[in-house]
Amino acid sequence: MRALFAFLAGGLFGVGLMLSGMTDTAKVQGWLDVLGAWDPTLAFVLGGAILPMLVAWRVAGKRPTAALGTPIPAKPAQIIDARLLAGATLFGIGWALVGLCPGPALAALSYNGGHGAVFVVAMVAGMLIWHILHLGGAMRGRPA
């Protein structure tokens with residue numbers, strides 16, 4: 001049952017990304033081009049995503065388990081540190097250069113041909129490199 005709901009939620013997310021234009025790299029880059037040909041339409045997509053999530057977080061915060069019975073994990077610490085800032089900066093640079101982030105990149109694989117595949121391969125390589133470096137630091141006694 002859990003796999004079915006994950007499949008349905010992922011499919012709904014992918015359809016939402018495509019309908020909202022989040023898989024259109026020109027639209028995303030237009031949103032980020034505040035000093036040039038700025039395209040403000042993505043603000044409605046962001047608002048349309050944030051508002052329902054505010055409600056969902058409020059509801060989830062009052063429940064010990066999810067709808068399918070699994071425990072809801074504790075809220076992570078809200079620490080702004082160098083790792084967070086570096087990760088956000090790298091994410092933003094990649095988003096600005098390519099016009100894709102991980103979710104839309106996977107959705108774009110179905111129609112973006114080689115360009116989408118190159119991005120996804122590079123994204124996965126970056127994740128693997130981080131994982132290797134992260135494990136190396138953890139094994140040497142550095143905090144994770």
# chains A, B, ... in the order shown; residues from 1 in each chain; ligands from 1
>>> residues_around(residues="region 41-49 of chain A", least_positions_apart="5", cutoff="8 Å", atoms="only C-alpha atoms", output="short mmCIF file (atom, residue, chain, number, x, y, z; two decimals) with N, CA and C atoms, in the first residue's frame")
data_model
loop_
_atom_site.label_atom_id
_atom_site.label_comp_id
_atom_site.auth_asym_id
_atom_site.auth_seq_id
_atom_site.Cartn_x
_atom_site.Cartn_y
_atom_site.Cartn_z
N SER A 20 3.16 23.24 -14.25
CA SER A 20 3.54 24.55 -13.71
C SER A 20 4.69 25.19 -14.46
N GLY A 21 5.33 24.44 -15.34
CA GLY A 21 6.46 24.99 -16.09
C GLY A 21 7.80 24.83 -15.40
N MET A 22 7.83 24.11 -14.28
CA MET A 22 9.10 23.95 -13.54
C MET A 22 10.10 23.09 -14.31
N LYS A 27 11.91 29.02 -18.48
CA LYS A 27 11.02 29.68 -17.52
C LYS A 27 11.71 29.83 -16.16
N VAL A 28 12.42 28.79 -15.74
CA VAL A 28 13.13 28.86 -14.46
C VAL A 28 14.23 29.90 -14.52
N TRP A 31 12.87 33.34 -14.31
CA TRP A 31 12.52 33.71 -12.93
C TRP A 31 13.75 34.22 -12.20
#
>>> select_by_dssp(residues="chain A", states="helix (DSSP H, G or I)", output="ChimeraX atom specification")
/A:2-20,25-32,42-61,82-98,102-108,113-139
>>> closest_residue(among="A:Gly30, A:Pro76, A:Leu85, A:Gly14", to="Gly99 (chain A)", atoms="only C-alpha atoms")
A:Gly30
>>> closest_residue(among="A:Leu17, A:Leu51, A:Val59, A:Leu32", to="Gly103 (chain A)", atoms="only C-alpha atoms")
A:Leu17
>>> closest_residue(among="A:Leu12, A:Met1, A:Leu100, A:Gly69", to="Ala117 (chain A)", atoms="only C-alpha atoms")
A:Leu100
>>> residues_around(residues="Ile72 (chain A)", least_positions_apart="5", cutoff="12 Å", atoms="only C-alpha atoms", output="CSV table (one decimal) with C-alpha atoms, in the first residue's frame")
chain,number,residue,atom,x,y,z
A,57,TRP,CA,3.1,20.9,8.4
A,59,VAL,CA,-1.5,19.0,10.7
A,60,ALA,CA,1.5,16.7,10.7
A,61,GLY,CA,3.0,18.4,13.7
A,62,LYS,CA,0.0,17.4,15.8
A,63,ARG,CA,0.1,13.7,14.7
A,64,PRO,CA,2.4,11.0,16.0
A,65,THR,CA,2.0,8.9,12.8
A,66,ALA,CA,1.4,9.4,9.1
A,67,ALA,CA,-1.8,8.4,7.4
